[in-house]
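What follows is input-v7.txt (compact mmCIF, C-alpha atoms and all ligand atoms).
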# COMPACT_ATOMS: atom_id res chain seq x y z
CA MET A 1 106.68 158.14 68.17
CA PHE A 2 105.99 160.38 71.14
CA THR A 3 107.95 158.19 73.50
CA THR A 4 111.20 159.62 72.20
CA GLN A 5 110.20 163.19 73.04
CA PRO A 6 111.68 164.73 76.19
CA SER A 7 109.35 165.06 79.12
CA ARG A 8 107.58 168.40 79.47
CA GLU A 9 106.71 167.79 83.10
CA THR A 10 109.03 170.53 84.33
CA ARG A 11 107.11 173.18 82.42
CA ARG A 12 103.93 172.60 84.33
CA CYS A 13 102.83 175.65 86.30
CA PRO A 14 101.70 174.51 89.74
CA ASP A 15 99.78 177.71 90.38
CA GLN A 16 97.34 177.25 87.58
CA PRO A 17 94.05 175.52 88.16
CA VAL A 18 94.07 172.29 86.22
CA LYS A 19 90.44 171.46 86.05
CA THR A 20 87.45 173.68 85.54
CA VAL A 21 84.45 172.77 83.46
CA CYS A 22 84.43 174.78 80.25
CA ASN A 23 80.70 175.05 80.01
CA ASP A 24 77.51 173.08 80.14
CA PRO A 25 78.35 169.94 78.19
CA ASP A 26 74.73 168.94 77.69
CA LYS A 27 73.61 171.92 75.65
CA SER A 28 75.41 171.88 72.36
CA VAL A 29 74.38 172.70 68.86
CA ALA A 30 75.47 171.29 65.54
CA THR A 31 78.53 172.75 63.85
CA ASP A 32 76.46 173.79 60.83
CA GLN A 33 75.08 176.55 63.04
CA LEU A 34 78.54 178.11 63.08
CA SER A 35 78.59 181.62 61.70
CA SER A 36 81.43 183.97 60.93
CA ASP A 37 80.95 185.81 64.22
CA THR A 38 80.94 182.66 66.31
CA LEU A 39 82.65 183.15 69.64
CA VAL A 40 85.59 181.04 70.60
CA TYR A 41 85.67 180.00 74.22
CA GLN A 42 88.68 181.72 75.80
CA SER A 43 90.78 179.33 77.80
CA PRO A 44 93.98 180.50 79.52
CA TYR A 45 97.15 180.24 77.43
CA GLY A 46 98.34 176.68 77.25
CA HIS A 47 95.01 175.25 78.35
CA ALA A 48 92.39 173.49 76.28
CA CYS A 49 89.30 171.36 76.71
CA CYS A 50 89.43 167.59 76.98
CA PRO A 51 87.64 166.16 73.92
CA HIS A 52 86.27 163.39 76.15
CA CYS A 53 84.93 165.11 79.30
CA LYS A 54 85.11 168.76 78.12
CA SER A 55 86.96 169.89 81.25
CA GLU A 56 89.70 172.43 80.80
CA PHE A 57 93.25 171.37 81.59
CA ASP A 58 96.88 172.44 81.32
CA LEU A 59 98.49 171.12 78.15
CA ALA A 60 102.04 171.55 79.41
CA ALA A 61 102.38 168.03 80.76
CA ALA A 62 99.86 166.42 78.44
CA LYS A 63 100.59 163.66 75.99
CA PRO A 64 98.62 162.62 72.92
CA THR A 65 96.02 160.02 73.90
CA PHE A 66 95.10 158.56 70.52
CA LEU A 67 95.35 159.28 66.82
CA GLU A 68 92.89 159.26 63.94
CA GLN A 69 93.84 159.06 60.29
CA ALA A 70 92.23 161.99 58.49
CA PRO A 71 91.00 161.73 54.89
CA HIS A 72 93.42 164.43 53.71
CA LYS A 73 96.36 162.28 54.91
CA ASP A 74 97.20 164.21 58.05
CA VAL A 75 96.66 162.46 61.38
CA VAL A 76 94.37 164.00 63.98
CA VAL A 77 95.91 164.00 67.47
CA TYR A 78 93.49 163.83 70.41
CA ILE A 79 94.86 164.92 73.80
CA MET A 80 92.70 164.06 76.80
CA CYS A 81 92.92 165.59 80.29
CA PRO A 82 95.16 163.68 82.76
CA GLU A 83 92.23 161.79 84.31
CA CYS A 84 90.72 160.67 81.00
CA HIS A 85 94.17 159.98 79.53
CA ALA A 86 94.94 157.67 82.45
CA GLY A 87 91.55 155.99 82.08
CA TYR A 88 92.18 155.45 78.38
CA GLN A 89 95.62 154.01 79.02
CA ALA A 90 94.19 151.61 81.61
CA GLY A 91 91.16 150.65 79.52
CA ASP A 92 90.74 147.62 77.30
CA GLY A 93 89.85 147.81 73.61
CA VAL A 94 86.13 148.24 74.28
CA ALA A 95 86.65 151.00 76.83
CA ARG A 96 89.08 152.78 74.54
CA LYS A 97 86.72 152.62 71.60
CA SER A 98 83.92 154.01 73.74
CA MET A 99 86.14 156.90 74.87
CA SER A 100 87.41 157.69 71.39
CA ASP A 101 83.86 157.55 70.01
CA LYS A 102 82.80 160.13 72.58
CA CYS A 103 85.68 162.36 71.48
CA PHE A 104 84.59 162.07 67.84
CA ILE A 105 81.04 163.04 68.79
CA ASN A 106 82.16 165.99 70.91
CA PHE A 107 84.63 167.25 68.33
CA LYS A 108 82.61 166.68 65.18
CA LEU A 109 79.02 167.13 66.36
CA ASN A 110 78.96 168.97 69.68
CA SER A 111 81.69 171.57 69.23
CA ILE A 112 79.55 174.51 70.30
CA ASP A 113 78.79 175.17 73.94
CA SER A 114 75.49 176.38 75.38
CA GLU A 115 76.44 180.00 74.77
CA GLY A 116 77.33 179.46 71.14
CA ALA A 117 81.10 179.48 71.59
CA VAL A 118 83.41 176.96 70.00
CA TYR A 119 85.26 174.73 72.41
CA PRO A 120 89.06 175.06 72.32
CA TRP A 121 89.57 171.32 72.02
CA ALA A 122 92.88 169.75 72.91
CA ILE A 123 93.01 168.41 69.38
CA THR A 124 95.67 169.06 66.77
CA THR A 125 97.29 167.20 63.91
CA MET A 126 100.52 165.32 63.48
CA LEU A 127 101.82 167.85 60.96
CA THR A 128 101.06 170.68 63.37
CA MET A 129 102.81 168.79 66.16
CA GLU A 130 105.81 168.26 63.90
CA LEU A 131 105.97 171.96 63.05
CA ASN A 132 105.92 172.78 66.77
CA ASP A 133 108.62 170.36 67.89
CA PHE A 134 105.97 168.00 69.30
CA ASP A 135 105.13 170.54 72.00
CA PRO A 136 101.36 170.26 72.58
CA VAL A 137 101.08 173.79 74.01
CA ALA A 138 102.76 175.32 70.97
CA ALA A 139 100.82 173.09 68.59
CA ILE A 140 97.46 174.07 70.07
CA GLU A 141 98.28 177.74 70.56
CA ASN A 142 100.20 178.39 67.35
CA GLY A 143 98.57 175.97 64.96
CA HIS A 144 100.49 175.07 61.82
CA GLY A 145 100.95 178.65 60.58
CA LEU A 146 100.53 177.56 56.99
CA THR A 147 98.15 178.78 54.34
CA SER A 148 95.53 176.19 53.48
CA ASP A 149 97.29 175.68 50.13
CA GLN A 150 100.57 174.94 51.88
CA TYR A 151 98.90 172.76 54.49
CA PHE A 152 96.98 170.57 52.07
CA GLY A 153 99.98 170.61 49.72
CA ILE A 154 102.14 169.05 52.40
CA CYS A 155 99.41 166.58 53.30
CA ALA A 156 99.04 165.63 49.66
CA GLY A 157 102.79 165.10 49.41
CA ARG A 158 103.40 168.03 47.09
CA TYR A 159 105.77 169.67 49.56
CA GLU A 160 108.19 168.45 52.16
CA VAL A 161 109.21 170.23 55.35
CA PHE A 162 112.83 170.25 56.36
CA VAL A 163 113.97 171.43 59.76
CA LEU A 164 117.40 173.03 59.74
CA LEU A 165 119.73 173.70 62.64
CA GLY A 166 118.26 176.38 64.86
CA GLY A 167 114.75 175.26 64.12
CA LEU A 168 114.36 177.06 60.80
CA ARG A 169 111.89 175.25 58.60
CA ILE A 170 111.81 175.32 54.85
CA MET A 171 109.37 173.81 52.45
CA THR A 172 110.41 172.42 49.12
CA ALA A 173 108.27 171.07 46.32
CA LYS A 174 108.62 167.35 45.92
CA PRO A 175 109.68 166.02 42.55
CA THR A 176 106.60 164.82 40.72
CA THR A 177 107.96 161.50 39.54
CA SER A 178 104.98 159.43 40.56
CA GLU A 179 102.25 161.34 38.82
CA ALA A 180 101.47 158.60 36.34
CA ALA A 181 98.96 156.66 38.32
ZN ZN A 201 88.82 164.50 80.31
For this file, write the structure as structure tokens.
Amino acid sequence: MFTTQPSRETRRCPDQPVKTVCNDPDKSVATDQLSSDTLVYQSPYGHACCPHCKSEFDLAAAKPTFLEQAPHKDVVVYIMCPECHAGYQAGDGVARKSMSDKCFINFKLNSIDSEGAVYPWAITTMLTMELNDFDPVAAIENGHGLTSDQYFGICAGRYEVFVLLGGLRIMTAKPTTSEAA
């Protein structure tokens, strides 16, 4: 579905460094050690960390690498850095599975760097992408902007999002005709 989106190549800023290592990838702690005052690693605007190799990269020209169906019916969108993305595209099924498995481990188990900060992963969801016109920079930087009730309501099919001319979005409750299960 992303193939129909216009290219964002022209928005890439040539002056920005594309690749710096976010932090020591070998010293991570489990996400259950997260506390309310956990630091978030500060990456420059429009940059995020590759869920595969943890290097920081510019999202402006990035494309989603692979998708994962989430239990709450949204779809998780993983965006790898240009090098890993190209490797994934060129890889066979085994190589791709190995790369996606590493992303799952980084994202779900090793999300904290050696200094206790949360990695700004280049990971979003399909609903968030949709709400941001499929612009990965906007999706990562802005998020979905919904309350958790609204977010899970849309995922559960209780609301629908309509995009009007000019980009205005409205949510309407879906008719509950299929409640009898
Ligand atoms: Zn990478």
Please return the centre and edge lengths, in Å to one decimal, of a box with edges along x, y and z that contains all listed atoms of region 51-55 of chain A, widened by 5 Å on every side, as lines of an AutoDock Vina configuration file.
center_x = 86.3
center_y = 166.6
center_z = 77.6
size_x = 12.7
size_y = 16.5
size_z = 17.3
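Minimum atom-to-atom distances from A:Val161, A:Ala90, A:Ala122, A:Ile112 to Pro51 (chain A) were compared using all atoms listed in the file, and the lowest value belongs to A:Ala122.
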* Can you tell me which residues sit at most 9 Å away from ligand ZN 201 (chain A), counting all atoms listed in the file, written as a ChimeraX atom specification? -> /A:49-57,79-85
* Grab the CA of Gly157 (chain A) to CA of Pro71 (chain A) distance for me, in Å with one decimal place. =>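 So the answer is 13.4 Å.
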* Asked: If you measure from CA of Val137 (chain A) to CA of Leu59 (chain A), what distance in Å do you get, rounded to one decimal?
  ->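 Separating CA of Val137 (chain A) from CA of Leu59 (chain A) is a distance of 5.6 Å.
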* To do: Using all atoms listed in the file, pick whichever of A:Asp101, A:Asn110, A:Thr65, A:Phe162 has the shortest atom-to-atom distance to Glu130 (chain A).
  =>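 Selected residue with least distance to Glu130 (chain A): A:Phe162.
Of note, CA of Phe107 (chain A) and CA of Tyr78 (chain A) are spaced 9.7 Å apart.
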